[in-house]
Every structure is written in structure tokens, then in C-alpha cells.
$ cat protein.pdb   # PDB, C-alpha atoms and all ligand atoms
ATOM      1  CA  MET A   1     -30.655-100.562 102.575
ATOM      2  CA  MET A   2     -30.546-101.929  99.020
ATOM      3  CA  ASN A   3     -32.604 -99.913  96.553
ATOM      4  CA  LEU A   4     -35.124-101.556  94.236
ATOM      5  CA  ASN A   5     -33.132-101.048  91.025
ATOM      6  CA  GLN A   6     -30.048-102.618  92.543
ATOM      7  CA  ASN A   7     -32.172-105.519  93.722
ATOM      8  CA  ILE A   8     -33.654-106.078  90.243
ATOM      9  CA  LEU A   9     -30.205-105.807  88.672
ATOM     10  CA  GLU A  10     -28.798-108.435  91.036
ATOM     11  CA  LYS A  11     -31.728-110.762  90.383
ATOM     12  CA  THR A  12     -31.294-110.376  86.612
ATOM     13  CA  GLU A  13     -27.571-111.081  86.867
ATOM     14  CA  LYS A  14     -28.255-114.162  88.984
ATOM     15  CA  VAL A  15     -30.669-115.566  86.381
ATOM     16  CA  ALA A  16     -28.391-114.637  83.475
ATOM     17  CA  SER A  17     -25.473-116.531  85.030
ATOM     18  CA  LYS A  18     -27.562-119.700  85.279
ATOM     19  CA  LYS A  19     -27.560-122.359  82.628
ATOM     20  CA  LEU A  20     -30.550-122.551  80.309
ATOM     21  CA  MET A  21     -31.948-126.101  80.452
ATOM     22  CA  LEU A  22     -35.006-125.661  78.246
ATOM     23  CA  GLU A  23     -35.814-122.958  75.774
ATOM     24  CA  ILE A  24     -38.979-122.721  73.717
ATOM     25  CA  LYS A  25     -39.183-119.866  71.227
ATOM     26  CA  ASP A  26     -42.233-118.678  69.332
ATOM     27  CA  LEU A  27     -43.904-122.112  69.334
ATOM     28  CA  LYS A  28     -46.937-122.381  67.063
ATOM     29  CA  LYS A  29     -49.300-125.304  66.606
ATOM     30  CA  SER A  30     -52.747-125.390  65.146
ATOM     31  CA  PHE A  31     -55.237-128.073  64.152
ATOM     32  CA  GLY A  32     -57.268-126.751  61.226
ATOM     33  CA  ASN A  33     -58.790-123.512  62.451
ATOM     34  CA  ASN A  34     -57.959-124.280  66.058
ATOM     35  CA  TYR A  35     -54.883-122.142  66.774
ATOM     36  CA  VAL A  36     -53.697-123.731  70.010
ATOM     37  CA  LEU A  37     -50.203-122.298  70.462
ATOM     38  CA  ASN A  38     -49.697-118.866  68.938
ATOM     39  CA  GLY A  39     -46.085-118.053  69.756
ATOM     40  CA  PHE A  40     -45.427-119.582  73.147
ATOM     41  CA  ASN A  41     -42.078-118.922  74.842
ATOM     42  CA  LEU A  42     -40.442-120.556  77.806
ATOM     43  CA  GLU A  43     -37.070-120.528  79.529
ATOM     44  CA  LEU A  44     -36.229-122.983  82.269
ATOM     45  CA  TYR A  45     -32.988-122.364  84.154
ATOM     46  CA  GLU A  46     -30.826-124.854  85.997
ATOM     47  CA  GLY A  47     -32.173-125.794  89.405
ATOM     48  CA  GLU A  48     -35.450-123.898  89.101
ATOM     49  CA  ASN A  49     -39.050-125.034  89.405
ATOM     50  CA  LEU A  50     -41.187-123.371  86.748
ATOM     51  CA  VAL A  51     -44.952-123.801  86.956
ATOM     52  CA  ILE A  52     -47.243-123.472  83.946
ATOM     53  CA  MET A  53     -50.901-122.884  84.546
ATOM     54  CA  GLY A  54     -53.543-122.794  81.857
ATOM     55  CA  LYS A  55     -57.222-123.608  81.635
ATOM     56  CA  SER A  56     -58.371-126.955  80.341
ATOM     57  CA  GLY A  57     -57.842-127.038  76.585
ATOM     58  CA  SER A  58     -55.327-124.181  76.602
ATOM     59  CA  GLY A  59     -52.618-126.306  74.990
ATOM     60  CA  LYS A  60     -50.478-127.509  77.890
ATOM     61  CA  SER A  61     -50.434-131.121  76.670
ATOM     62  CA  VAL A  62     -49.771-130.003  73.094
ATOM     63  CA  MET A  63     -46.787-127.998  74.372
ATOM     64  CA  ILE A  64     -45.433-131.001  76.348
ATOM     65  CA  LYS A  65     -45.916-133.308  73.346
ATOM     66  CA  CYS A  66     -43.938-130.895  71.155
ATOM     67  CA  LEU A  67     -41.301-130.667  73.863
ATOM     68  CA  VAL A  68     -40.720-134.416  74.043
ATOM     69  CA  GLY A  69     -40.896-134.900  70.270
ATOM     70  CA  LEU A  70     -44.268-136.673  70.179
ATOM     71  CA  MET A  71     -45.839-133.911  68.120
ATOM     72  CA  GLU A  72     -44.341-131.718  65.432
ATOM     73  CA  PRO A  73     -44.866-127.994  65.917
ATOM     74  CA  ASP A  74     -45.872-125.834  62.922
ATOM     75  CA  SER A  75     -43.015-123.478  63.723
ATOM     76  CA  GLY A  76     -40.750-122.315  66.512
ATOM     77  CA  SER A  77     -37.713-123.810  68.186
ATOM     78  CA  ILE A  78     -37.336-126.081  71.193
ATOM     79  CA  LYS A  79     -33.922-126.463  72.735
ATOM     80  CA  VAL A  80     -33.125-128.965  75.450
ATOM     81  CA  MET A  81     -29.773-128.216  77.071
ATOM     82  CA  GLY A  82     -28.804-126.222  73.988
ATOM     83  CA  LYS A  83     -29.859-128.834  71.400
ATOM     84  CA  ASP A  84     -32.715-128.081  69.026
ATOM     85  CA  ILE A  85     -34.931-131.175  69.268
ATOM     86  CA  THR A  86     -36.893-130.293  66.140
ATOM     87  CA  ILE A  87     -33.832-131.117  64.024
ATOM     88  CA  LEU A  88     -32.300-134.019  65.993
ATOM     89  CA  ASN A  89     -32.232-137.524  64.552
ATOM     90  CA  ARG A  90     -33.988-140.413  66.340
ATOM     91  CA  MET A  91     -30.862-141.697  68.124
ATOM     92  CA  ASP A  92     -29.777-138.303  69.454
ATOM     93  CA  LEU A  93     -33.343-137.568  70.510
ATOM     94  CA  ASP A  94     -33.493-140.867  72.438
ATOM     95  CA  GLU A  95     -30.253-140.043  74.195
ATOM     96  CA  LEU A  96     -31.428-136.556  75.088
ATOM     97  CA  ARG A  97     -34.678-137.999  76.406
ATOM     98  CA  THR A  98     -32.763-139.798  79.186
ATOM     99  CA  GLU A  99     -31.940-136.348  80.560
ATOM    100  CA  ILE A 100     -35.670-135.681  80.915
ATOM    101  CA  GLY A 101     -37.794-137.480  83.476
ATOM    102  CA  PHE A 102     -41.574-137.513  83.415
ATOM    103  CA  LEU A 103     -44.209-137.797  86.043
ATOM    104  CA  PHE A 104     -47.445-137.795  84.100
ATOM    105  CA  GLN A 105     -51.028-138.143  85.260
ATOM    106  CA  GLY A 106     -51.483-141.839  85.775
ATOM    107  CA  SER A 107     -47.750-142.660  85.443
ATOM    108  CA  ALA A 108     -48.745-146.258  85.840
ATOM    109  CA  LEU A 109     -46.467-148.879  87.321
ATOM    110  CA  TYR A 110     -46.434-152.322  85.738
ATOM    111  CA  ASP A 111     -48.923-154.328  87.805
ATOM    112  CA  SER A 112     -47.270-157.680  87.282
ATOM    113  CA  MET A 113     -43.832-156.493  88.412
ATOM    114  CA  THR A 114     -42.540-155.817  91.917
ATOM    115  CA  VAL A 115     -41.488-152.303  92.870
ATOM    116  CA  LYS A 116     -37.856-153.340  92.348
ATOM    117  CA  GLU A 117     -38.556-154.709  88.867
ATOM    118  CA  ASN A 118     -40.488-151.567  87.984
ATOM    119  CA  LEU A 119     -37.478-149.447  88.892
ATOM    120  CA  GLU A 120     -35.024-151.717  87.068
ATOM    121  CA  PHE A 121     -37.038-151.439  83.869
ATOM    122  CA  PRO A 122     -35.797-147.983  82.762
ATOM    123  CA  LEU A 123     -32.226-148.954  83.687
ATOM    124  CA  ARG A 124     -32.361-151.840  81.242
ATOM    125  CA  ARG A 125     -33.958-149.684  78.564
ATOM    126  CA  HIS A 126     -31.323-146.988  78.823
ATOM    127  CA  LYS A 127     -28.273-149.166  79.429
ATOM    128  CA  HIS A 128     -26.040-146.872  77.401
ATOM    129  CA  LYS A 129     -26.396-144.057  79.937
ATOM    130  CA  PHE A 130     -24.868-146.060  82.782
ATOM    131  CA  GLY A 131     -22.708-148.580  80.968
ATOM    132  CA  HIS A 132     -22.835-152.170  82.158
ATOM    133  CA  ILE A 133     -24.477-152.375  85.577
ATOM    134  CA  THR A 134     -24.426-155.802  87.172
ATOM    135  CA  ASP A 135     -25.999-154.897  90.488
ATOM    136  CA  THR A 136     -28.938-152.568  90.151
ATOM    137  CA  THR A 137     -30.172-153.155  93.711
ATOM    138  CA  GLN A 138     -28.184-150.279  95.180
ATOM    139  CA  LEU A 139     -29.532-147.832  92.572
ATOM    140  CA  VAL A 140     -33.085-149.034  93.229
ATOM    141  CA  ILE A 141     -32.646-148.624  96.989
ATOM    142  CA  GLU A 142     -31.190-145.117  96.596
ATOM    143  CA  ALA A 143     -34.064-143.994  94.356
ATOM    144  CA  LEU A 144     -36.643-145.472  96.742
ATOM    145  CA  GLN A 145     -34.939-143.851  99.726
ATOM    146  CA  SER A 146     -35.205-140.454  98.084
ATOM    147  CA  VAL A 147     -39.004-140.842  98.016
ATOM    148  CA  GLY A 148     -39.078-142.372 101.508
ATOM    149  CA  LEU A 149     -40.208-145.819 100.407
ATOM    150  CA  ALA A 150     -37.163-148.118 100.631
ATOM    151  CA  ASP A 151     -39.198-150.713 102.531
ATOM    152  CA  THR A 152     -41.583-151.259  99.605
ATOM    153  CA  ILE A 153     -38.901-152.752  97.361
ATOM    154  CA  ASP A 154     -40.385-156.261  97.228
ATOM    155  CA  LEU A 155     -44.055-155.270  97.194
ATOM    156  CA  MET A 156     -46.415-155.355  94.233
ATOM    157  CA  PRO A 157     -48.001-152.044  93.071
ATOM    158  CA  ALA A 158     -51.456-153.263  94.156
ATOM    159  CA  GLU A 159     -50.185-153.387  97.742
ATOM    160  CA  LEU A 160     -49.425-149.625  97.698
ATOM    161  CA  SER A 161     -51.766-146.674  98.208
ATOM    162  CA  GLY A 162     -52.328-144.200  95.332
ATOM    163  CA  GLY A 163     -49.903-141.694  96.871
ATOM    164  CA  MET A 164     -47.241-144.383  97.378
ATOM    165  CA  GLN A 165     -47.662-145.520  93.766
ATOM    166  CA  ARG A 166     -47.055-141.984  92.576
ATOM    167  CA  ARG A 167     -43.932-141.745  94.759
ATOM    168  CA  VAL A 168     -42.636-145.042  93.355
ATOM    169  CA  ALA A 169     -43.335-143.698  89.844
ATOM    170  CA  LEU A 170     -41.240-140.669  90.777
ATOM    171  CA  ALA A 171     -38.450-142.976  92.039
ATOM    172  CA  ARG A 172     -38.596-144.788  88.697
ATOM    173  CA  THR A 173     -38.057-141.437  86.997
ATOM    174  CA  LEU A 174     -35.235-140.453  89.357
ATOM    175  CA  ILE A 175     -33.295-143.670  88.878
ATOM    176  CA  LEU A 176     -32.125-142.387  85.475
ATOM    177  CA  LYS A 177     -30.812-139.245  87.181
ATOM    178  CA  PRO A 178     -32.549-136.823  84.808
ATOM    179  CA  ARG A 179     -31.437-133.192  84.702
ATOM    180  CA  ILE A 180     -34.958-132.011  83.919
ATOM    181  CA  ILE A 181     -38.264-133.329  85.261
ATOM    182  CA  LEU A 182     -41.624-132.672  83.630
ATOM    183  CA  TYR A 183     -44.516-133.005  86.013
ATOM    184  CA  ASP A 184     -47.983-133.099  84.448
ATOM    185  CA  GLU A 185     -50.646-132.556  87.109
ATOM    186  CA  PRO A 186     -48.579-134.273  89.831
ATOM    187  CA  THR A 187     -51.267-133.906  92.500
ATOM    188  CA  SER A 188     -54.383-134.658  90.457
ATOM    189  CA  GLY A 189     -56.648-137.319  91.895
ATOM    190  CA  LEU A 190     -54.939-137.306  95.294
ATOM    191  CA  ASP A 191     -56.535-136.341  98.605
ATOM    192  CA  PRO A 192     -55.224-133.040 100.092
ATOM    193  CA  ILE A 193     -52.861-134.695 102.594
ATOM    194  CA  THR A 194     -51.296-137.023 100.028
ATOM    195  CA  ALA A 195     -51.098-134.127  97.557
ATOM    196  CA  LYS A 196     -49.179-132.145 100.195
ATOM    197  CA  GLU A 197     -46.748-135.051 100.621
ATOM    198  CA  ILE A 198     -46.085-135.115  96.871
ATOM    199  CA  ILE A 199     -45.593-131.335  96.827
ATOM    200  CA  GLU A 200     -43.053-131.563  99.673
ATOM    201  CA  LEU A 201     -41.340-134.421  97.897
ATOM    202  CA  MET A 202     -40.994-132.327  94.731
ATOM    203  CA  ARG A 203     -39.218-129.666  96.772
ATOM    204  CA  HIS A 204     -36.971-132.298  98.375
ATOM    205  CA  ILE A 205     -36.086-133.801  94.984
ATOM    206  CA  GLN A 206     -35.146-130.364  93.668
ATOM    207  CA  GLY A 207     -32.751-129.950  96.601
ATOM    208  CA  GLN A 208     -31.274-133.451  96.499
ATOM    209  CA  TYR A 209     -30.924-133.991  92.751
ATOM    210  CA  LYS A 210     -30.525-130.325  91.700
ATOM    211  CA  THR A 211     -33.050-130.953  88.951
ATOM    212  CA  SER A 212     -34.808-128.296  86.929
ATOM    213  CA  SER A 213     -38.532-128.881  86.732
ATOM    214  CA  LEU A 214     -41.387-127.857  84.530
ATOM    215  CA  ILE A 215     -44.616-128.372  86.387
ATOM    216  CA  ILE A 216     -48.055-128.246  84.844
ATOM    217  CA  THR A 217     -50.725-127.934  87.452
ATOM    218  CA  HIS A 218     -54.171-126.577  88.255
ATOM    219  CA  ASP A 219     -53.390-126.920  91.943
ATOM    220  CA  VAL A 220     -52.857-123.434  93.384
ATOM    221  CA  ASP A 221     -51.296-124.842  96.570
ATOM    222  CA  CYS A 222     -48.830-126.846  94.547
ATOM    223  CA  ALA A 223     -47.916-123.762  92.480
ATOM    224  CA  ARG A 224     -47.473-121.661  95.613
ATOM    225  CA  VAL A 225     -45.156-124.137  97.338
ATOM    226  CA  VAL A 226     -43.024-125.439  94.480
ATOM    227  CA  SER A 227     -42.655-122.568  92.018
ATOM    228  CA  GLU A 228     -39.888-120.053  91.778
ATOM    229  CA  ARG A 229     -41.567-118.671  88.684
ATOM    230  CA  MET A 230     -44.871-119.155  86.909
ATOM    231  CA  ILE A 231     -46.224-118.733  83.396
ATOM    232  CA  LEU A 232     -49.928-118.377  82.680
ATOM    233  CA  LEU A 233     -50.778-119.837  79.284
ATOM    234  CA  ILE A 234     -53.817-118.044  77.861
ATOM    235  CA  ASP A 235     -54.860-117.813  74.193
ATOM    236  CA  GLY A 236     -51.773-119.753  73.147
ATOM    237  CA  VAL A 237     -49.245-117.273  74.525
ATOM    238  CA  ASN A 238     -47.506-116.399  77.784
ATOM    239  CA  TYR A 239     -50.209-114.105  79.009
ATOM    240  CA  ALA A 240     -48.385-113.413  82.265
ATOM    241  CA  GLU A 241     -45.163-114.406  83.996
ATOM    242  CA  GLY A 242     -43.852-113.851  87.479
ATOM    243  CA  THR A 243     -43.592-115.251  90.965
ATOM    244  CA  PHE A 244     -46.668-116.698  92.643
ATOM    245  CA  ALA A 245     -46.969-113.601  94.835
ATOM    246  CA  GLU A 246     -46.650-111.220  91.888
ATOM    247  CA  LEU A 247     -49.327-112.979  89.851
ATOM    248  CA  LYS A 248     -51.650-113.430  92.812
ATOM    249  CA  ALA A 249     -51.531-109.689  93.452
ATOM    250  CA  SER A 250     -52.545-108.876  89.857
ATOM    251  CA  LYS A 251     -55.727-106.903  89.246
ATOM    252  CA  ASP A 252     -56.186-108.434  85.761
ATOM    253  CA  GLU A 253     -59.426-110.438  85.721
ATOM    254  CA  LYS A 254     -57.983-113.243  83.565
ATOM    255  CA  ILE A 255     -55.094-113.679  86.002
ATOM    256  CA  LYS A 256     -57.268-113.381  89.081
ATOM    257  CA  ALA A 257     -59.419-116.259  87.785
ATOM    258  CA  PHE A 258     -56.537-118.680  88.401
ATOM    259  CA  PHE A 259     -56.338-117.892  92.094
ATOM    260  CA  LYS A 260     -60.041-118.087  93.004
TER
HETATM  261  N1  LIG B 301     -54.132-134.506  67.971
HETATM  262  C1  LIG B 301     -54.995-133.501  67.994
HETATM  263  N2  LIG B 301     -55.794-133.256  66.948
HETATM  264  C2  LIG B 301     -56.654-132.205  66.948
HETATM  265  N3  LIG B 301     -56.784-131.348  67.971
HETATM  266  C3  LIG B 301     -56.013-131.557  69.049
HETATM  267  C4  LIG B 301     -55.074-132.625  69.132
HETATM  268  N4  LIG B 301     -54.457-132.563  70.330
HETATM  269  C5  LIG B 301     -54.979-131.491  70.978
HETATM  270  N5  LIG B 301     -55.913-130.874  70.217
HETATM  271  C6  LIG B 301     -56.661-129.673  70.593
HETATM  272  O1  LIG B 301     -55.740-128.733  71.132
HETATM  273  C7  LIG B 301     -56.352-127.999  72.194
HETATM  274  C8  LIG B 301     -55.466-128.068  73.426
HETATM  275  O2  LIG B 301     -55.460-129.384  73.962
HETATM  276  P1  LIG B 301     -54.550-129.827  75.170
HETATM  277  O3  LIG B 301     -54.797-131.286  75.364
HETATM  278  O4  LIG B 301     -53.153-129.400  74.938
HETATM  279  O5  LIG B 301     -55.162-128.997  76.387
HETATM  280  P2  LIG B 301     -54.671-128.970  77.899
HETATM  281  O6  LIG B 301     -54.334-127.547  78.219
HETATM  282  O7  LIG B 301     -53.605-129.969  78.114
HETATM  283  O8  LIG B 301     -56.007-129.389  78.654
HETATM  284  P3  LIG B 301     -56.243-130.218  80.025
HETATM  285  O9  LIG B 301     -55.861-129.289  81.145
HETATM  286  O10 LIG B 301     -57.716-130.475  80.008
HETATM  287  O11 LIG B 301     -55.416-131.455  79.960
HETATM  288  C9  LIG B 301     -57.748-128.590  72.373
HETATM  289  O12 LIG B 301     -58.659-127.746  71.711
HETATM  290  C10 LIG B 301     -57.670-129.933  71.683
HETATM  291  O13 LIG B 301     -58.908-130.303  71.162
END

$ encode --input "protein.pdb" --output "C-alpha cells" --more "lines below"
Ligand SMILES: Nc1ncnc2c1ncn2[C@@H]1O[C@H](COP(=O)(O)OP(=O)(O)OP(=O)(O)O)[C@@H](O)[C@H]1O
Amino acid sequence: MMNLNQNILEKTEKVASKKLMLEIKDLKKSFGNNYVLNGFNLELYEGENLVIMGKSGSGKSVMIKCLVGLMEPDSGSIKVMGKDITILNRMDLDELRTEIGFLFQGSALYDSMTVKENLEFPLRRHKHKFGHITDTTQLVIEALQSVGLADTIDLMPAELSGGMQRRVALARTLILKPRIILYDEPTSGLDPITAKEIIELMRHIQGQYKTSSLIITHDVDCARVVSERMILLIDGVNYAEGTFAELKASKDEKIKAFFK
């Protein structure tokens, strides 16, 4: 039987051999006297699903905004696939952004466009990534198939349920074949059954597209099913890190509060 030390060593080697997709080091951001991020760190490895949990107002959105270049941190470094985004110029940042897909709360579809047109939209915007594509239909169908909704291609968003709209929004993200996906509260506002469908879909996407995902959620079920690792963001730092099972077993009151 394998002893514990050997097991830990093998796990460490496995992680070390994986490519680092995202790396946040000592991130700090404050607004006046409100010190929101006080040295936050994060490492996301290729192919993994990393969940971040934090109470409302703990700085999750601020962290995401810094990560995608919408907000300037006070200090710290943010590397996406090895490139420090805090020093990239606009054009390089735009190009790097095509490697990152988003599924944000209320990732709204354009109401006046069909599902197909909604999915073609990012392809037109990021033409340079795919060169000149004359027939986008096949790409649209493939992306819709991966979320199980190929038959909605000619429908309008209003004809879809809330869960279907979120799946189409995910297809619109996938069509650019991102290497990293950021999910911000992917199950919020959905009934438990639809939320479960989205959670299963996130797992399926990870397998099919080999994406690395950063998932911000309050949903304990979602964290349990999708995460390989979790970070608890408390007081602007990584208060605790580990697998779902490790954190759930903690006796620390602040950690326990997340699993009640
Ligand atoms: N542009 C801003 N100017 C001033 N304060 C801000 C700004 N953006 C965020 N904050 C403050 O930063 C703190 C963290 O906010 P943030 O939106 O990141 O929380 P959150 O963890 O995403 O919360 P929730 O789970 O409710 O979405 C809050 O105290 C908020 O008031």
C-alpha cells in the first residue's frame, strides 16, 4: 500500500508538471480606507476547475475585474498564460482576452438576434483568431451541440427558458475556443434542477474542451461537483485552500460558515 508521504509527493509532482494558466501574486486593491484585496494569490493549472468562494463584498468581482484588465490593481502581478497583463498594451491584451471566455451573471443574449446570430457575433469581433471564415454555420452548430441545444439555432432568445439562455450564452463563449473560462455565479437565479444541468454541463465542457476554469460561486453543490480545488477568500487573502472535502472537514468557524 502507498504511504501518505509518497502519495503527497506524487500529487505535488503531478501539479508541478502541469502548465500554469493563470497566476495572481500578492494582489492588492483598496478604495480609500476600504482594503479589499490585501495580498491575494491564485494559481490555476491547465485542465483544472478552481472554485473561489467568498462572502458578499469580499472582493471577488474586484479580483475578476483586475484579472480581465477592467480595473487597475494597486500592486501585485497577474499573469495569463505567462504574460503579465498589468504591463500589456491594448492590442496584446485584446488578443489575450480571446483565450479567456466568460460566463457572467446575466450574460445576456442580444434579444433582437437569433441564437445563430448571437453565436456569430463574437466570431466577427475576433476575426483575427480564426482568419477568414466564410461559413460560420458549422462552428455555431458544434458550439450548440456541446451544450445540447443544436435545435435552437433559429430561435429567438425570448423563446428559450432561463436555463437554455444560459447554455446558449455558454455556447457563445465556447465558440471562440477559449483556454480559460471564468464563471461568475453560474447557477445564480436558476431553480435547483436547471442549476444541476448547468453544473453537469460545466463538467462536460471541461472534459470536451480541456479548458481551465475559475469559478466564483456561493453554491455549495456547484463547488462540490465541479471543483478540483477551492480557495476561500476572507479579509482580502486566501484564508484557506484545499479540496472540497478537506475544507468541509475543517473545524475553523470561518470555514465552517461556508458549508452551512
Ligand atoms: N469601483 C469601486 N469603488 C469603490 N469601492 C468599490 C468599487 N468596486 C468595489 N468596491 C468595494 O469593494 C468591495 C468588494 O466588492 P466586490 O463587488 O468585489 O464584492 P463581491 O465579493 O464580488 O460581492 P458579491 O458576492 O456581492 O458580488 C466592496 O466593499 C465594494 O463596495

$ atom_distance --input "protein.pdb" --atom1 "CA of Met53 (chain A)" --atom2 "CA of Ala249 (chain A)"
15.9 Å

$ atom_distance --input "protein.pdb" --atom1 "CA of Gly39 (chain A)" --atom2 "CA of Glu241 (chain A)"
14.7 Å

$ resolve_selection --input "protein.pdb" --expression "the PyMOL selection byres (((chain A and resi 166) around 9) and not hetatm)" --output "number ranges by chain"
A: 103, 106-109, 161-165, 167-171, 186, 198

$ resolve_selection --input "protein.pdb" --expression "the PyMOL selection byres (((chain A and resi 28) around 6) and not hetatm)" --output "number ranges by chain"
A: 27, 29, 37-39, 74-75

$ residues_around --input "protein.pdb" --residues "region 227-236 of chain A" --least-positions-apart "3" --cutoff "8 Å" --atoms "all atoms listed in the file" --output "PDB file with C-alpha atoms, keeping the file's coordinate frame"
ATOM      1  CA  TYR A  35     -54.883-122.142  66.774  1.00  0.00           C
ATOM      2  CA  VAL A  36     -53.697-123.731  70.010  1.00  0.00           C
ATOM      3  CA  LEU A  37     -50.203-122.298  70.462  1.00  0.00           C
ATOM      4  CA  ASN A  38     -49.697-118.866  68.938  1.00  0.00           C
ATOM      5  CA  GLY A  39     -46.085-118.053  69.756  1.00  0.00           C
ATOM      6  CA  PHE A  40     -45.427-119.582  73.147  1.00  0.00           C
ATOM      7  CA  GLU A  48     -35.450-123.898  89.101  1.00  0.00           C
ATOM      8  CA  ASN A  49     -39.050-125.034  89.405  1.00  0.00           C
ATOM      9  CA  LEU A  50     -41.187-123.371  86.748  1.00  0.00           C
ATOM     10  CA  VAL A  51     -44.952-123.801  86.956  1.00  0.00           C
ATOM     11  CA  ILE A  52     -47.243-123.472  83.946  1.00  0.00           C
ATOM     12  CA  MET A  53     -50.901-122.884  84.546  1.00  0.00           C
ATOM     13  CA  GLY A  54     -53.543-122.794  81.857  1.00  0.00           C
ATOM     14  CA  LYS A  55     -57.222-123.608  81.635  1.00  0.00           C
ATOM     15  CA  SER A  58     -55.327-124.181  76.602  1.00  0.00           C
ATOM     16  CA  GLY A  59     -52.618-126.306  74.990  1.00  0.00           C
ATOM     17  CA  LYS A  60     -50.478-127.509  77.890  1.00  0.00           C
ATOM     18  CA  CYS A 222     -48.830-126.846  94.547  1.00  0.00           C
ATOM     19  CA  ALA A 223     -47.916-123.762  92.480  1.00  0.00           C
ATOM     20  CA  ARG A 224     -47.473-121.661  95.613  1.00  0.00           C
ATOM     21  CA  TYR A 239     -50.209-114.105  79.009  1.00  0.00           C
ATOM     22  CA  ALA A 240     -48.385-113.413  82.265  1.00  0.00           C
ATOM     23  CA  GLU A 241     -45.163-114.406  83.996  1.00  0.00           C
ATOM     24  CA  GLY A 242     -43.852-113.851  87.479  1.00  0.00           C
ATOM     25  CA  THR A 243     -43.592-115.251  90.965  1.00  0.00           C
ATOM     26  CA  PHE A 244     -46.668-116.698  92.643  1.00  0.00           C
ATOM     27  CA  ILE A 255     -55.094-113.679  86.002  1.00  0.00           C
TER      28      ILE A 255
END

$ atom_distance --input "protein.pdb" --atom1 "CA of Phe102 (chain A)" --atom2 "CA of Leu44 (chain A)"
15.5 Å

$ closest_atom_pairs --input "protein.pdb" --of "region 202-255 of chain A" --to "region 135-158 of chain A" --cutoff "12 Å" --atoms "all atoms listed in the file" --output "tab-separated table"
residue	atom	partner	partner_atom	distance
A:Met202	CA	A:Val147	CA	9.3
A:Arg203	CA	A:Val147	CA	11.2
A:His204	CA	A:Ser146	CA	8.4
A:Ile205	CA	A:Ser146	CA	7.4
A:Gln206	CA	A:Ser146	CA	11.0
A:Gly207	CA	A:Ser146	CA	10.9
A:Gln208	CA	A:Ser146	CA	8.2
A:Tyr209	CA	A:Ser146	CA	9.4

$ axis_aligned_box --input "protein.pdb" --around "ligand LIG 301 (chain B)" --padding-each-side "6 Å" --output "lines of an AutoDock Vina configuration file"
center_x = -56.0
center_y = -131.0
center_z = 74.0
size_x = 17.8
size_y = 19.0
size_z = 26.2

$ closest_residue --input "protein.pdb" --among "A:Lys79, A:Lys196, A:Asp84, A:Leu176" --to "Lys127 (chain A)" --atoms "only C-alpha atoms"
A:Leu176

$ decode --input "protein.pdb" --residues "region 53-64 of chain A" --atoms "C-alpha atoms" --output "PDB file, in the first residue's frame"
ATOM      1  CA  MET A  53     -15.814  31.254  -2.510  1.00  0.00           C
ATOM      2  CA  GLY A  54     -16.119  34.455  -0.542  1.00  0.00           C
ATOM      3  CA  LYS A  55     -18.890  36.290   1.249  1.00  0.00           C
ATOM      4  CA  SER A  56     -20.741  39.098  -0.449  1.00  0.00           C
ATOM      5  CA  GLY A  57     -18.458  42.125  -0.601  1.00  0.00           C
ATOM      6  CA  SER A  58     -15.281  40.094  -0.075  1.00  0.00           C
ATOM      7  CA  GLY A  59     -13.744  41.304  -3.336  1.00  0.00           C
ATOM      8  CA  LYS A  60     -14.472  38.535  -5.834  1.00  0.00           C
ATOM      9  CA  SER A  61     -15.705  40.950  -8.513  1.00  0.00           C
ATOM     10  CA  VAL A  62     -12.794  43.311  -7.857  1.00  0.00           C
ATOM     11  CA  MET A  63     -10.416  40.372  -8.366  1.00  0.00           C
ATOM     12  CA  ILE A  64     -12.132  39.367 -11.652  1.00  0.00           C
TER      13      ILE A  64
END
